[in-house]
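**Student:** Shown below is the structure under consideration.
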Amino acid sequence: MSFEQRQEGEFTVIEVEEARLDASIAESFKTFAFDLIENDKHNLVVNLSQVRFMDSSGLGALVAAFKKLAGNGSFSLAEAQPAVRDLFDLTSMDKLFTVHDSVAEAVKGS
Amino acid sequence: MPTLWFAILKNHDSFCHADNSSMNILIVEDARDQRMLLSVVLRKKGHTVLEAEDGEQAFAMLQSQPDIRIVISDWMMPGMDGIELLQQVRKTTGERYTYFILLTGKSDRQAVVEGMNNGADDFLVKPVNFEELDARLNAGIRIIELEQQLEQQNQQLSEAIHTIEKDLESAACTQESLLAKPATIQKVDFDWFFKPSKILGGDMFGYHPVDGERIAFYQLDVAGHGIPSALFSFTLNNILSESSDVEAALSNPAEVLASLNNRFQTTPESMLYFTAVYGVINSRTGEVVIAQAGHPPALWISPENKTVNAVMGGGVPVGMMPDMEYQNQTLQLQPGDRLFLYSDGITECEDPQGEQYEEQRLLTALIYSLQFSVSETIRHVEQEISQWRNQDGFDDDVTYLLLEWNP
């Protein structure tokens, strides 16, 4: 399984257990995240600590999950690695959602 | 025909009705009476039967009549025996599979192993029991029919794929014809490189005069590859290359991106968004106004200072979120200055070890290319990334656009 989920208080943490979040798994990520949202998990934190590379499809899948929430809940990312951080900088993702240094920080207050 | 045979055949009729598919069957048997007996039995079942006396004759018949699908061959024969014939048949891999039943007097395990190792599909122990012959033949016919079905489906698939490929190729021609030709417009030289990773690309670019002294130029990269991305990039190119009633907007790059963003909001399900750079150059003054949306930053190349600088000011890719704002950056070019626009297919291009080309190598190649003309620079960068890639094809569309201001 490429993705795992666990509950941290009110937050659902999605662990991406892949070195590449790219076109080959973007669809499965979307399905996984949409499934959680449809099952009333509305506070999502995506842990990207293992992801070394993300392409436009991977980025699209993250934003798709964020859009799917449609403002009803929260969506944040944690532990983005350097190449992924560069992509977030290039695409100004900070305007869309928060990228936390750690999962612990992301779920603080839960 | 001796009476005994009639008796056998008559008896045979009771359990075998010729409702099976008719097959072309070759019987290979040196003993004439046994060959004829088998032949009569099989003909009665509605099959077309051919006969051969030995391996050589059988092999020649198989060569000249490819519609023979089942061979029932004796093992022991003078000249080429059953095993040798079998080996020859398996060596000559035709388009169709030949189902091979070996007749053997030997019922021992060793014979079966030897036969199977040489490619036999089934065995019949002599003297042939007709009920068993019938059952084993039916098993063979099932396999041949399955193979025929697969072959037919395979052919339909091949034809369908062929049609799709032809359509894609013609779409690729259309895409190519949409690309602006290398040109000098109002003392600005433009040239480019475009290599889709699949037949169709999601990258697109263009340049055209907005008025007597301003030229718009752009490059965009639709997320994903293939047909949906390509169709989307066709649409965008149409919009951007038409400068009829939106001239005012076209000269304000940030407005162009913001208006595209509001027009093309993606759904969470489709997620077709794109990164873009859009600029307008004043060919009289050398002033460039440029806005970027999640695209690799445009590179500003100065031959005088021998420097390459990334143009600042990014933005969210177009189509991700409504109501995004984009920033105009203003650059004052010096005569001979260049701008290089590229898609991430270059910097993320991987060598055989999986290492990416990255921006630094691109900057080095661009500095080195200052000795070259615009078109030579296009070719030099192509050589550099092809050498880096060191294998056929790219994982992502590779596109870049170079302009040089020569007032």
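Order determines the names: the first chain of the structure tokens is A, the second B, and so forth; residues in each chain are numbered 1 upward, and ligands are numbered 1 upward as they are shown.
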Would you pick out the contacts of region 43-49 of chain A at 6 Å or less, using only C-alpha atoms, so that residues sharing its chain but fewer than 3 positions from it are not included, and give the list as a CSV table (one decimal) with N, CA and C atoms, in the first residue's frame?
**Tutor:**
```
chain,number,residue,atom,x,y,z
A,11,PHE,N,-7.4,15.2,13.6
A,11,PHE,CA,-6.7,15.2,12.3
A,11,PHE,C,-6.5,13.8,11.7
A,12,THR,N,-6.6,13.7,10.5
A,12,THR,CA,-6.3,12.4,9.8
A,12,THR,C,-5.0,12.6,9.0
A,13,VAL,N,-4.0,11.9,9.4
A,13,VAL,CA,-2.7,12.0,8.8
A,13,VAL,C,-2.5,11.0,7.7
A,14,ILE,N,-2.3,11.5,6.5
A,14,ILE,CA,-2.0,10.6,5.3
A,14,ILE,C,-0.5,10.4,5.2
A,15,GLU,N,0.0,9.2,5.3
A,15,GLU,CA,1.4,8.9,5.1
A,15,GLU,C,1.6,8.5,3.7
A,16,VAL,N,2.4,9.3,3.0
A,16,VAL,CA,2.7,8.9,1.6
A,16,VAL,C,4.0,8.1,1.6
A,73,GLY,N,-13.4,22.1,6.3
A,73,GLY,CA,-12.4,21.3,7.0
A,73,GLY,C,-11.0,22.0,6.8
A,74,SER,N,-9.9,21.2,7.1
A,74,SER,CA,-8.6,21.8,6.9
A,74,SER,C,-7.7,20.9,6.1
A,75,PHE,N,-6.7,21.5,5.5
A,75,PHE,CA,-5.8,20.7,4.6
A,75,PHE,C,-4.4,21.3,4.8
A,76,SER,N,-3.5,20.5,5.3
A,76,SER,CA,-2.1,21.0,5.3
A,76,SER,C,-1.1,19.9,5.0
A,77,LEU,N,0.1,20.3,4.7
A,77,LEU,CA,1.2,19.4,4.4
A,77,LEU,C,2.3,19.4,5.4
A,78,ALA,N,3.0,18.3,5.6
A,78,ALA,CA,4.1,18.3,6.5
A,78,ALA,C,5.4,17.7,6.0
A,79,GLU,N,6.5,18.2,6.5
A,79,GLU,CA,7.8,17.6,6.2
A,79,GLU,C,8.2,17.4,4.7
A,80,ALA,N,7.9,18.5,4.0
A,80,ALA,CA,8.3,18.5,2.6
A,80,ALA,C,9.8,18.5,2.5
```
**Student:** If we count only C-alpha atoms, what is near Ala65 (chain A) at a cut-off of 10 Å, once residues fewer than 5 positions away on the same chain are taken out, given as a ChimeraX atom specification?
**Tutor:** /A:29-37,44,60,70,75 /B:268-269
**Student:** Given a cut-off of 7 Å, which residues of chain B touch chain A, counting only C-alpha atoms, written out as a ChimeraX atom specification?
**Tutor:** /B:223-224,268-269,271,293-296,314-317
**Student:** According to DSSP computed on the backbone, where in region 46-106 of chain A is there alpha helix (DSSP H)? Give the residues as an NGL selection string.
**Tutor:** :A and (56-69 or 82-90 or 103-106)
**Student:** Restricting it to C-alpha atoms, dump the selection as a tab-separated table (two decimals), in the first residue's frame.
**Tutor:**
```
chain	number	residue	atom	x	y	z
A	56	SER	CA	2.76	18.32	-11.89
A	57	SER	CA	0.39	15.36	-11.58
A	58	GLY	CA	1.41	14.79	-7.95
A	59	LEU	CA	0.93	18.47	-7.19
A	60	GLY	CA	-2.42	18.30	-8.98
A	61	ALA	CA	-3.49	15.39	-6.77
A	62	LEU	CA	-2.72	17.38	-3.58
A	63	VAL	CA	-4.64	20.39	-4.82
A	64	ALA	CA	-7.50	18.13	-5.95
A	65	ALA	CA	-7.89	16.83	-2.38
A	66	PHE	CA	-7.77	20.40	-1.07
A	67	LYS	CA	-10.42	21.49	-3.58
A	68	LYS	CA	-12.55	18.46	-2.79
A	69	LEU	CA	-12.81	19.67	0.82
A	82	PRO	CA	14.04	20.04	-0.51
A	83	ALA	CA	12.95	19.15	-4.08
A	84	VAL	CA	9.30	19.20	-3.07
A	85	ARG	CA	9.80	22.51	-1.22
A	86	ASP	CA	11.31	23.98	-4.39
A	87	LEU	CA	8.24	22.91	-6.34
A	88	PHE	CA	5.97	24.47	-3.69
A	89	ASP	CA	7.99	27.72	-3.87
A	90	LEU	CA	7.84	27.78	-7.67
A	103	VAL	CA	3.45	16.29	11.55
A	104	ALA	CA	3.50	17.10	15.29
A	105	GLU	CA	3.28	20.80	14.47
A	106	ALA	CA	0.52	20.17	11.94
```
**Student:** Looking at only C-alpha atoms, which of A:Ala26, A:Phe3, A:Phe97, A:Ser102 is the one that sits closest to Gly71 (chain A)?
**Tutor:**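 Ranked by minimum distance to Gly71 (chain A), first place goes to A:Phe97.
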**Student:** Extract, using only C-alpha atoms, all DNA, RNA and protein residues at most 9 Å from region 97-105 of chain B, discarding same-chain residues fewer than 5 positions from it, and format them as a PyMOL selection string.
**Tutor:** chain B and resi 29+68-76+82-83+86+89-90+111+115+119-128+136-137+140-141+143-144+147
**Student:** For those residues, write N, CA and C atoms to a file as a short mmCIF file (atom, residue, chain, number, x, y, z; two decimals), in the first residue's frame.
**Tutor:**
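After the write, out_22.cif holds the following:
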```cif
data_model
loop_
_atom_site.label_atom_id
_atom_site.label_comp_id
_atom_site.auth_asym_id
_atom_site.auth_seq_id
_atom_site.Cartn_x
_atom_site.Cartn_y
_atom_site.Cartn_z
N GLU B 29 1.50 -41.31 -40.47
CA GLU B 29 1.55 -42.72 -40.04
C GLU B 29 2.09 -43.54 -41.21
N ILE B 68 -3.46 -26.23 -41.71
CA ILE B 68 -3.48 -27.45 -40.89
C ILE B 68 -3.23 -27.06 -39.45
N ARG B 69 -4.21 -27.32 -38.58
CA ARG B 69 -4.08 -26.86 -37.21
C ARG B 69 -3.74 -27.99 -36.23
N ILE B 70 -4.08 -29.23 -36.63
CA ILE B 70 -3.84 -30.35 -35.72
C ILE B 70 -3.04 -31.43 -36.45
N VAL B 71 -2.01 -31.94 -35.81
CA VAL B 71 -1.24 -33.04 -36.36
C VAL B 71 -1.36 -34.23 -35.42
N ILE B 72 -1.73 -35.37 -35.99
CA ILE B 72 -1.69 -36.60 -35.21
C ILE B 72 -0.61 -37.45 -35.84
N SER B 73 0.48 -37.65 -35.12
CA SER B 73 1.63 -38.29 -35.75
C SER B 73 2.09 -39.51 -34.97
N ASP B 74 2.43 -40.55 -35.73
CA ASP B 74 3.06 -41.72 -35.14
C ASP B 74 4.44 -41.31 -34.63
N TRP B 75 4.92 -42.06 -33.65
CA TRP B 75 6.25 -41.76 -33.10
C TRP B 75 7.32 -42.42 -33.96
N MET B 76 7.20 -43.75 -34.06
CA MET B 76 8.21 -44.51 -34.78
C MET B 76 7.88 -44.55 -36.26
N GLY B 82 8.46 -39.17 -35.54
CA GLY B 82 7.50 -38.24 -34.94
C GLY B 82 8.15 -37.14 -34.12
N ILE B 83 9.17 -37.53 -33.34
CA ILE B 83 9.84 -36.54 -32.48
C ILE B 83 10.58 -35.50 -33.33
N LEU B 86 8.10 -33.19 -34.84
CA LEU B 86 7.64 -32.29 -33.79
C LEU B 86 8.64 -31.16 -33.55
N VAL B 89 8.49 -28.73 -36.40
CA VAL B 89 7.27 -27.92 -36.34
C VAL B 89 7.43 -26.81 -35.29
N ARG B 90 7.99 -27.16 -34.13
CA ARG B 90 8.14 -26.17 -33.06
C ARG B 90 9.20 -25.13 -33.40
N ALA B 111 8.64 -41.83 -22.05
CA ALA B 111 8.25 -41.42 -23.40
C ALA B 111 7.41 -40.15 -23.36
N GLY B 115 8.35 -36.68 -25.08
CA GLY B 115 7.43 -36.06 -26.02
C GLY B 115 7.06 -34.64 -25.62
N GLY B 119 7.68 -30.65 -27.08
CA GLY B 119 6.58 -29.77 -27.49
C GLY B 119 5.29 -30.47 -27.86
N ALA B 120 5.16 -31.76 -27.50
CA ALA B 120 3.91 -32.45 -27.80
C ALA B 120 2.79 -31.92 -26.90
N ASP B 121 1.58 -31.81 -27.45
CA ASP B 121 0.47 -31.33 -26.65
C ASP B 121 -0.28 -32.47 -25.99
N ASP B 122 -0.28 -33.63 -26.67
CA ASP B 122 -1.03 -34.74 -26.09
C ASP B 122 -0.52 -36.05 -26.68
N PHE B 123 -0.99 -37.17 -26.12
CA PHE B 123 -0.53 -38.49 -26.54
C PHE B 123 -1.72 -39.40 -26.74
N LEU B 124 -1.54 -40.33 -27.66
CA LEU B 124 -2.52 -41.40 -27.81
C LEU B 124 -1.74 -42.70 -27.88
N VAL B 125 -2.12 -43.64 -27.06
CA VAL B 125 -1.42 -44.91 -27.05
C VAL B 125 -2.06 -45.83 -28.09
N LYS B 126 -1.18 -46.48 -28.88
CA LYS B 126 -1.68 -47.41 -29.89
C LYS B 126 -1.90 -48.78 -29.25
N PRO B 127 -2.84 -49.55 -29.66
CA PRO B 127 -3.85 -49.22 -30.67
C PRO B 127 -4.82 -48.16 -30.17
N VAL B 128 -5.21 -47.30 -31.10
CA VAL B 128 -5.99 -46.13 -30.71
C VAL B 128 -7.41 -46.52 -30.29
N ARG B 136 -9.57 -36.57 -26.80
CA ARG B 136 -8.31 -35.81 -26.89
C ARG B 136 -8.36 -34.81 -28.04
N LEU B 137 -9.05 -35.20 -29.10
CA LEU B 137 -9.20 -34.30 -30.24
C LEU B 137 -10.04 -33.08 -29.83
N GLY B 140 -8.00 -30.70 -28.02
CA GLY B 140 -7.17 -29.94 -28.95
C GLY B 140 -7.96 -28.87 -29.66
N ILE B 141 -9.17 -29.23 -30.09
CA ILE B 141 -10.02 -28.28 -30.82
C ILE B 141 -10.36 -27.09 -29.92
N ILE B 143 -8.54 -25.83 -27.62
CA ILE B 143 -7.37 -24.95 -27.54
C ILE B 143 -7.18 -24.17 -28.84
N ILE B 144 -7.34 -24.88 -29.96
CA ILE B 144 -7.19 -24.20 -31.26
C ILE B 144 -8.25 -23.11 -31.41
N GLU B 147 -7.40 -20.24 -29.34
CA GLU B 147 -6.30 -19.51 -29.95
C GLU B 147 -6.79 -18.68 -31.13
#
```
**Student:** Give me every strand (DSSP E or B) residue in region 2-107 of chain A, going by DSSP on the backbone, as a PyMOL selection string.
**Tutor:** chain A and resi 3-8+11-16+20-21+43-47+53-54+74-78+98-100
**Student:** Put those residues in a file: N, CA and C atoms, as a PDB file, in the first residue's frame.
**Tutor:**
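Writing done, so here's selection-v3.pdb:
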```pdb
ATOM      1  N   PHE A   3      -0.178   4.329   0.537  1.00  0.00           N
ATOM      2  CA  PHE A   3      -0.652   5.350   1.472  1.00  0.00           C
ATOM      3  C   PHE A   3      -1.241   4.678   2.715  1.00  0.00           C
ATOM      4  N   GLU A   4      -0.974   5.323   3.842  1.00  0.00           N
ATOM      5  CA  GLU A   4      -1.562   4.846   5.093  1.00  0.00           C
ATOM      6  C   GLU A   4      -2.217   6.045   5.759  1.00  0.00           C
ATOM      7  N   GLN A   5      -3.180   5.764   6.604  1.00  0.00           N
ATOM      8  CA  GLN A   5      -3.786   6.865   7.347  1.00  0.00           C
ATOM      9  C   GLN A   5      -3.846   6.517   8.819  1.00  0.00           C
ATOM     10  N   ARG A   6      -3.715   7.547   9.620  1.00  0.00           N
ATOM     11  CA  ARG A   6      -3.905   7.336  11.062  1.00  0.00           C
ATOM     12  C   ARG A   6      -4.566   8.582  11.638  1.00  0.00           C
ATOM     13  N   GLN A   7      -5.201   8.390  12.771  1.00  0.00           N
ATOM     14  CA  GLN A   7      -5.941   9.482  13.384  1.00  0.00           C
ATOM     15  C   GLN A   7      -5.096  10.116  14.483  1.00  0.00           C
ATOM     16  N   GLU A   8      -4.981  11.420  14.476  1.00  0.00           N
ATOM     17  CA  GLU A   8      -4.306  12.164  15.557  1.00  0.00           C
ATOM     18  C   GLU A   8      -5.314  13.174  16.056  1.00  0.00           C
ATOM     19  N   PHE A  11      -7.385  15.223  13.581  1.00  0.00           N
ATOM     20  CA  PHE A  11      -6.698  15.191  12.282  1.00  0.00           C
ATOM     21  C   PHE A  11      -6.501  13.774  11.739  1.00  0.00           C
ATOM     22  N   THR A  12      -6.648  13.658  10.453  1.00  0.00           N
ATOM     23  CA  THR A  12      -6.311  12.398   9.788  1.00  0.00           C
ATOM     24  C   THR A  12      -4.997  12.625   9.043  1.00  0.00           C
ATOM     25  N   VAL A  13      -3.974  11.857   9.432  1.00  0.00           N
ATOM     26  CA  VAL A  13      -2.664  12.010   8.795  1.00  0.00           C
ATOM     27  C   VAL A  13      -2.532  10.977   7.676  1.00  0.00           C
ATOM     28  N   ILE A  14      -2.267  11.465   6.459  1.00  0.00           N
ATOM     29  CA  ILE A  14      -2.007  10.554   5.334  1.00  0.00           C
ATOM     30  C   ILE A  14      -0.498  10.418   5.175  1.00  0.00           C
ATOM     31  N   GLU A  15      -0.019   9.190   5.321  1.00  0.00           N
ATOM     32  CA  GLU A  15       1.405   8.933   5.133  1.00  0.00           C
ATOM     33  C   GLU A  15       1.626   8.509   3.685  1.00  0.00           C
ATOM     34  N   VAL A  16       2.417   9.295   2.962  1.00  0.00           N
ATOM     35  CA  VAL A  16       2.741   8.915   1.583  1.00  0.00           C
ATOM     36  C   VAL A  16       4.004   8.063   1.633  1.00  0.00           C
ATOM     37  N   ARG A  20       8.400   8.853  -4.924  1.00  0.00           N
ATOM     38  CA  ARG A  20       7.928   9.745  -5.997  1.00  0.00           C
ATOM     39  C   ARG A  20       6.417   9.869  -5.935  1.00  0.00           C
ATOM     40  N   LEU A  21       5.951  11.108  -5.837  1.00  0.00           N
ATOM     41  CA  LEU A  21       4.517  11.349  -5.964  1.00  0.00           C
ATOM     42  C   LEU A  21       4.340  11.943  -7.358  1.00  0.00           C
ATOM     43  N   ASN A  43     -10.229  16.916   8.250  1.00  0.00           N
ATOM     44  CA  ASN A  43      -9.019  17.633   8.643  1.00  0.00           C
ATOM     45  C   ASN A  43      -7.820  16.774   8.250  1.00  0.00           C
ATOM     46  N   LEU A  44      -7.282  17.080   7.079  1.00  0.00           N
ATOM     47  CA  LEU A  44      -6.241  16.213   6.527  1.00  0.00           C
ATOM     48  C   LEU A  44      -4.854  16.845   6.655  1.00  0.00           C
ATOM     49  N   VAL A  45      -3.888  15.997   7.042  1.00  0.00           N
ATOM     50  CA  VAL A  45      -2.476  16.393   7.043  1.00  0.00           C
ATOM     51  C   VAL A  45      -1.755  15.356   6.189  1.00  0.00           C
ATOM     52  N   VAL A  46      -1.049  15.822   5.154  1.00  0.00           N
ATOM     53  CA  VAL A  46      -0.325  14.871   4.309  1.00  0.00           C
ATOM     54  C   VAL A  46       1.146  14.894   4.697  1.00  0.00           C
ATOM     55  N   ASN A  47       1.647  13.756   5.159  1.00  0.00           N
ATOM     56  CA  ASN A  47       3.057  13.657   5.534  1.00  0.00           C
ATOM     57  C   ASN A  47       3.885  13.292   4.304  1.00  0.00           C
ATOM     58  N   PHE A  53      10.526  13.301  -4.887  1.00  0.00           N
ATOM     59  CA  PHE A  53      10.223  13.976  -6.157  1.00  0.00           C
ATOM     60  C   PHE A  53       8.718  14.051  -6.351  1.00  0.00           C
ATOM     61  N   MET A  54       8.277  15.214  -6.817  1.00  0.00           N
ATOM     62  CA  MET A  54       6.857  15.372  -7.107  1.00  0.00           C
ATOM     63  C   MET A  54       6.742  16.073  -8.454  1.00  0.00           C
ATOM     64  N   SER A  74      -9.925  21.246   7.059  1.00  0.00           N
ATOM     65  CA  SER A  74      -8.597  21.832   6.891  1.00  0.00           C
ATOM     66  C   SER A  74      -7.703  20.877   6.117  1.00  0.00           C
ATOM     67  N   PHE A  75      -6.719  21.467   5.451  1.00  0.00           N
ATOM     68  CA  PHE A  75      -5.800  20.671   4.645  1.00  0.00           C
ATOM     69  C   PHE A  75      -4.408  21.265   4.804  1.00  0.00           C
ATOM     70  N   SER A  76      -3.469  20.460   5.251  1.00  0.00           N
ATOM     71  CA  SER A  76      -2.101  20.971   5.316  1.00  0.00           C
ATOM     72  C   SER A  76      -1.108  19.865   4.998  1.00  0.00           C
ATOM     73  N   LEU A  77       0.132  20.292   4.745  1.00  0.00           N
ATOM     74  CA  LEU A  77       1.186  19.352   4.382  1.00  0.00           C
ATOM     75  C   LEU A  77       2.266  19.415   5.447  1.00  0.00           C
ATOM     76  N   ALA A  78       3.042  18.346   5.565  1.00  0.00           N
ATOM     77  CA  ALA A  78       4.120  18.349   6.549  1.00  0.00           C
ATOM     78  C   ALA A  78       5.366  17.672   5.996  1.00  0.00           C
ATOM     79  N   THR A  98      -0.875  25.499   4.187  1.00  0.00           N
ATOM     80  CA  THR A  98       0.306  25.579   5.034  1.00  0.00           C
ATOM     81  C   THR A  98       1.170  24.339   4.857  1.00  0.00           C
ATOM     82  N   VAL A  99       2.479  24.565   4.819  1.00  0.00           N
ATOM     83  CA  VAL A  99       3.402  23.438   4.820  1.00  0.00           C
ATOM     84  C   VAL A  99       4.141  23.467   6.153  1.00  0.00           C
ATOM     85  N   HIS A 100       3.842  22.497   7.019  1.00  0.00           N
ATOM     86  CA  HIS A 100       4.445  22.447   8.355  1.00  0.00           C
ATOM     87  C   HIS A 100       5.781  21.715   8.317  1.00  0.00           C
TER      88      HIS A 100
END
```
**Student:** Report as a Markdown table: every residue of region 270-304 of chain B with an atom at most 8 Å from region 338-354 of chain B, its closest pair of atoms, and their distance in Å to one decimal, counting only C-alpha atoms, with rows sorted by chain and ascending residue number.
**Tutor:**
```
| residue | atom | partner | partner_atom | distance |
| --- | --- | --- | --- | --- |
| B:Val277 | CA | B:Leu341 | CA | 7.6 |
| B:His295 | CA | B:Ser343 | CA | 7.1 |
| B:Pro296 | CA | B:Asp344 | CA | 6.3 |
| B:Pro297 | CA | B:Leu341 | CA | 7.4 |
| B:Ala298 | CA | B:Leu341 | CA | 4.8 |
| B:Leu299 | CA | B:Phe340 | CA | 4.9 |
| B:Trp300 | CA | B:Leu339 | CA | 4.7 |
| B:Ile301 | CA | B:Arg338 | CA | 4.9 |
| B:Ser302 | CA | B:Arg338 | CA | 6.6 |
```
**Student:** Any chance you could export the current selection's N, CA and C atoms as a PDB file, in the first residue's frame?
**Tutor:**
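New file result.pdb:
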```pdb
ATOM      1  N   VAL B 277       4.138  31.223 -18.588  1.00  0.00           N
ATOM      2  CA  VAL B 277       4.841  32.498 -18.581  1.00  0.00           C
ATOM      3  C   VAL B 277       4.231  33.301 -19.706  1.00  0.00           C
ATOM      4  N   HIS B 295       5.416  28.452 -13.377  1.00  0.00           N
ATOM      5  CA  HIS B 295       6.297  27.955 -14.435  1.00  0.00           C
ATOM      6  C   HIS B 295       7.760  28.137 -13.992  1.00  0.00           C
ATOM      7  N   PRO B 296       8.681  27.300 -14.507  1.00  0.00           N
ATOM      8  CA  PRO B 296      10.094  27.585 -14.220  1.00  0.00           C
ATOM      9  C   PRO B 296      10.387  29.032 -14.637  1.00  0.00           C
ATOM     10  N   PRO B 297      11.136  29.775 -13.813  1.00  0.00           N
ATOM     11  CA  PRO B 297      11.318  31.200 -14.101  1.00  0.00           C
ATOM     12  C   PRO B 297      12.022  31.430 -15.441  1.00  0.00           C
ATOM     13  N   ALA B 298      11.551  32.453 -16.165  1.00  0.00           N
ATOM     14  CA  ALA B 298      12.219  32.844 -17.397  1.00  0.00           C
ATOM     15  C   ALA B 298      13.660  33.234 -17.059  1.00  0.00           C
ATOM     16  N   LEU B 299      14.591  32.956 -17.970  1.00  0.00           N
ATOM     17  CA  LEU B 299      15.992  33.281 -17.719  1.00  0.00           C
ATOM     18  C   LEU B 299      16.390  34.461 -18.600  1.00  0.00           C
ATOM     19  N   TRP B 300      16.959  35.469 -17.957  1.00  0.00           N
ATOM     20  CA  TRP B 300      17.378  36.698 -18.639  1.00  0.00           C
ATOM     21  C   TRP B 300      18.890  36.619 -18.840  1.00  0.00           C
ATOM     22  N   ILE B 301      19.282  36.575 -20.102  1.00  0.00           N
ATOM     23  CA  ILE B 301      20.685  36.335 -20.433  1.00  0.00           C
ATOM     24  C   ILE B 301      21.318  37.624 -20.948  1.00  0.00           C
ATOM     25  N   SER B 302      22.418  38.023 -20.296  1.00  0.00           N
ATOM     26  CA  SER B 302      23.117  39.232 -20.725  1.00  0.00           C
ATOM     27  C   SER B 302      24.482  38.871 -21.303  1.00  0.00           C
TER      28      SER B 302
END
```
